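Text of the file upload_33.json, holding JSON, C-alpha atoms:
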```json
[["chain", "number", "residue", "atom", "x", "y", "z"],
["A", 539, "MET", "CA", 111.93, -52.47, 39.00],
["A", 540, "ASN", "CA", 112.03, -49.40, 36.90],
["A", 541, "ARG", "CA", 114.72, -46.73, 36.81],
["A", 542, "GLY", "CA", 112.90, -44.50, 39.30],
["A", 543, "ASP", "CA", 112.84, -47.29, 41.89],
["A", 544, "LEU", "CA", 116.54, -48.01, 41.37],
["A", 545, "ALA", "CA", 117.43, -44.33, 41.76],
["A", 546, "GLU", "CA", 115.40, -44.14, 44.98],
["A", 547, "LEU", "CA", 117.03, -47.33, 46.29],
["A", 548, "ARG", "CA", 120.49, -45.98, 45.45],
["A", 549, "ALA", "CA", 119.70, -42.68, 47.22],
["A", 550, "LEU", "CA", 118.54, -44.58, 50.33],
["A", 551, "ALA", "CA", 121.71, -46.70, 50.29],
["A", 552, "ASP", "CA", 123.88, -43.56, 50.06],
["A", 553, "PHE", "CA", 121.96, -41.97, 52.91],
["A", 554, "GLY", "CA", 122.39, -45.11, 55.03],
["A", 555, "ARG", "CA", 126.14, -45.17, 54.33],
["A", 556, "LYS", "CA", 126.52, -41.54, 55.44],
["A", 557, "PHE", "CA", 124.51, -42.24, 58.60],
["A", 558, "ARG", "CA", 126.56, -45.37, 59.42],
["A", 559, "ASN", "CA", 129.82, -43.42, 59.12],
["A", 560, "GLN", "CA", 128.59, -40.90, 61.71],
["A", 561, "GLN", "CA", 127.65, -43.51, 64.33],
["A", 562, "HIS", "CA", 130.62, -44.70, 66.37],
["A", 563, "GLY", "CA", 128.94, -45.22, 69.76],
["A", 564, "ARG", "CA", 129.09, -43.11, 72.90],
["A", 565, "ARG", "CA", 132.32, -41.33, 73.61],
["A", 566, "PRO", "CA", 133.58, -41.21, 77.20],
["A", 567, "GLY", "CA", 132.97, -37.95, 79.00],
["A", 568, "ALA", "CA", 135.44, -35.76, 80.87],
["A", 569, "LEU", "CA", 134.72, -37.47, 84.21],
["A", 570, "SER", "CA", 135.24, -40.93, 82.75],
["A", 571, "LEU", "CA", 138.59, -39.96, 81.24],
["A", 572, "HIS", "CA", 139.68, -38.30, 84.51],
["A", 573, "ILE", "CA", 138.69, -41.33, 86.62],
["A", 574, "ARG", "CA", 140.51, -43.74, 84.31],
["A", 575, "ALA", "CA", 143.66, -41.60, 84.46],
["A", 576, "THR", "CA", 143.42, -41.46, 88.26],
["A", 577, "VAL", "CA", 142.96, -45.22, 88.54],
["A", 578, "THR", "CA", 146.11, -45.84, 86.53],
["A", 579, "ARG", "CA", 148.08, -43.65, 88.98],
["A", 580, "VAL", "CA", 146.65, -45.28, 92.13],
["A", 581, "ARG", "CA", 148.07, -48.74, 92.86],
["A", 582, "PRO", "CA", 146.83, -51.03, 94.33],
["A", 583, "ALA", "CA", 143.60, -49.82, 92.83],
["A", 584, "THR", "CA", 140.60, -50.28, 95.09],
["A", 585, "PHE", "CA", 137.55, -48.10, 95.26],
["A", 586, "GLU", "CA", 138.59, -46.83, 98.70],
["A", 587, "ASP", "CA", 141.96, -45.74, 97.29],
["A", 588, "LEU", "CA", 140.20, -43.96, 94.43],
["A", 589, "LEU", "CA", 137.94, -42.08, 96.86],
["A", 590, "THR", "CA", 140.94, -41.03, 98.95],
["A", 591, "GLU", "CA", 142.75, -39.77, 95.84],
["A", 592, "LEU", "CA", 139.62, -37.88, 94.71],
["A", 593, "GLU", "CA", 139.37, -36.28, 98.17],
["A", 594, "PHE", "CA", 142.99, -35.10, 97.84],
["A", 595, "GLN", "CA", 142.22, -33.73, 94.37],
["A", 596, "ALA", "CA", 139.18, -31.86, 95.73],
["A", 597, "LEU", "CA", 141.30, -30.36, 98.52],
["A", 598, "ARG", "CA", 144.00, -29.39, 96.02],
["A", 599, "ASN", "CA", 141.33, -27.85, 93.78],
["A", 600, "ARG", "CA", 139.98, -25.75, 96.67],
["A", 601, "THR", "CA", 143.43, -24.41, 97.55],
["A", 602, "LEU", "CA", 145.16, -24.16, 94.16],
["A", 603, "GLY", "CA", 142.31, -24.49, 91.65],
["A", 604, "GLY", "CA", 142.41, -26.12, 88.27],
["A", 605, "GLY", "CA", 141.06, -29.63, 88.92],
["A", 606, "PRO", "CA", 137.67, -31.04, 87.92],
["A", 607, "ILE", "CA", 136.83, -32.64, 91.32],
["A", 608, "LEU", "CA", 135.05, -30.24, 93.69],
["A", 609, "ARG", "CA", 133.85, -32.35, 96.62],
["A", 610, "VAL", "CA", 133.62, -35.97, 97.78],
["A", 611, "ASP", "CA", 130.72, -36.57, 100.17],
["A", 612, "ARG", "CA", 131.01, -39.98, 101.78],
["A", 613, "GLN", "CA", 127.82, -39.55, 103.79],
["A", 614, "TRP", "CA", 125.64, -39.11, 100.69],
["A", 615, "GLU", "CA", 127.97, -41.16, 98.49],
["A", 616, "THR", "CA", 128.32, -38.46, 95.84],
["A", 617, "VAL", "CA", 131.11, -36.62, 94.06],
["A", 618, "ARG", "CA", 130.68, -33.10, 92.68],
["A", 619, "TYR", "CA", 132.80, -32.21, 89.66],
["A", 620, "LEU", "CA", 133.10, -29.70, 86.85],
["A", 621, "ASP", "CA", 132.12, -30.77, 83.37],
["A", 622, "GLY", "CA", 133.36, -27.86, 81.30],
["A", 623, "ALA", "CA", 131.75, -24.89, 83.05],
["A", 624, "THR", "CA", 128.86, -26.94, 84.48],
["A", 625, "GLU", "CA", 128.92, -28.33, 88.00],
["A", 626, "ARG", "CA", 127.56, -31.90, 88.15],
["A", 627, "GLU", "CA", 127.10, -34.62, 90.72],
["A", 628, "VAL", "CA", 127.70, -38.35, 90.36],
["A", 629, "THR", "CA", 127.03, -41.25, 92.75],
["A", 630, "PHE", "CA", 129.63, -43.66, 94.08],
["A", 631, "LYS", "CA", 127.94, -46.47, 92.13],
["A", 632, "ARG", "CA", 128.46, -44.57, 88.87],
["A", 633, "LEU", "CA", 132.10, -43.98, 89.83],
["A", 634, "GLN", "CA", 132.54, -47.70, 90.45],
["A", 635, "ASN", "CA", 131.14, -48.43, 87.01],
["A", 636, "LEU", "CA", 133.45, -45.86, 85.39],
["A", 637, "ALA", "CA", 136.52, -47.09, 87.25],
["A", 638, "GLN", "CA", 135.57, -50.77, 87.02],
["A", 639, "LEU", "CA", 136.84, -51.35, 90.57],
["A", 640, "ARG", "CA", 135.50, -53.45, 93.39],
["A", 641, "LYS", "CA", 134.84, -51.93, 96.79],
["A", 642, "SER", "CA", 137.59, -52.49, 99.29],
["A", 643, "ARG", "CA", 137.10, -54.52, 102.46],
["A", 644, "LEU", "CA", 136.15, -51.28, 104.22],
["A", 645, "SER", "CA", 132.49, -50.53, 103.70],
["A", 646, "VAL", "CA", 131.67, -47.11, 102.28],
["A", 647, "THR", "CA", 127.97, -47.06, 103.06],
["A", 648, "ARG", "CA", 125.89, -44.39, 104.75],
["A", 649, "GLU", "CA", 125.52, -46.53, 107.88],
["A", 650, "SER", "CA", 129.27, -46.98, 108.36],
["A", 651, "ALA", "CA", 130.01, -43.29, 107.73],
["A", 652, "ALA", "CA", 127.60, -42.14, 110.46]]
```
Written as structure tokens, that's how I'd like the structure from this file.
Amino acid sequence: MNRGDLAELRALADFGRKFRNQQHGRRPGALSLHIRATVTRVRPATFEDLLTELEFQALRNRTLGGGPILRVDRQWETVRYLDGATEREVTFKRLQNLAQLRKSRLSVTRESAA
């Protein structure tokens, strides 16, 4: 190897080090942080209890304002929330994954809600 190759190799190693320092994985979003905080307040924590608490938060948001949860729709199994200034929708399955909870004995499916 000559000096030019060593300089190029050193430059690539420096570039790789800078890139590695920037990569720390995905950071949890606003909804994930909110759901985790809600789960810690709700005990015993089941998915049904979480949905009930989110429904109360949506009602409180409609009357007083200020909360991220806008609506819980059990028929379509979705939750609408604010992510910054953007309104988004998430499914119950995604909420279960965020909260890491099992469903309660009560079924929360479209058939049982009808």
Give as a ChimeraX atom specification the set of residues within 6 Å of the point (137.1, -34.7, 89.6), where distances use the file's coordinates and all atoms listed in the file. /A:606-607,619
I'd like the neighbourhood of Lys631 in chain A as a ChimeraX atom specification, where a residue qualifies if any of its atoms comes within 10 Å (using all atoms listed in the file), though same-chain residues fewer than 4 positions away should be ignored. /A:615-616,635-637,641
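Closest approach to Leu569 in chain A among A:Gly542, A:Gly604, A:Gly554, A:Gly622 is made by A:Gly622 (distances from only C-alpha atoms).
Across the model, the gap from CA of Gly603 in chain A to CA of Thr578 in chain A is 22.3 Å.
Counting only C-alpha atoms, Val610 in chain A has the following residues at most 8 Å away, ignoring those fewer than 2 positions along the same chain: Leu589, Leu592, Glu593, Ala596, Ile607, Leu608, Arg612, Glu615, Thr616, Val617 and Arg618 of chain A.
With all atoms listed in the file as the atoms that count, the minimum distance from Phe585 in chain A to the choices A:Phe630, A:Asn540, A:Thr601, A:Gly567 is reached by A:Phe630.
Proximity ranking of A:Ser570, A:Gln613, A:Thr576, A:Thr624 relative to Thr590 in chain A places A:Thr576 first, based on all atoms listed in the file.
Between CA of Trp614 in chain A and CA of Thr629 in chain A the separation is 8.3 Å.
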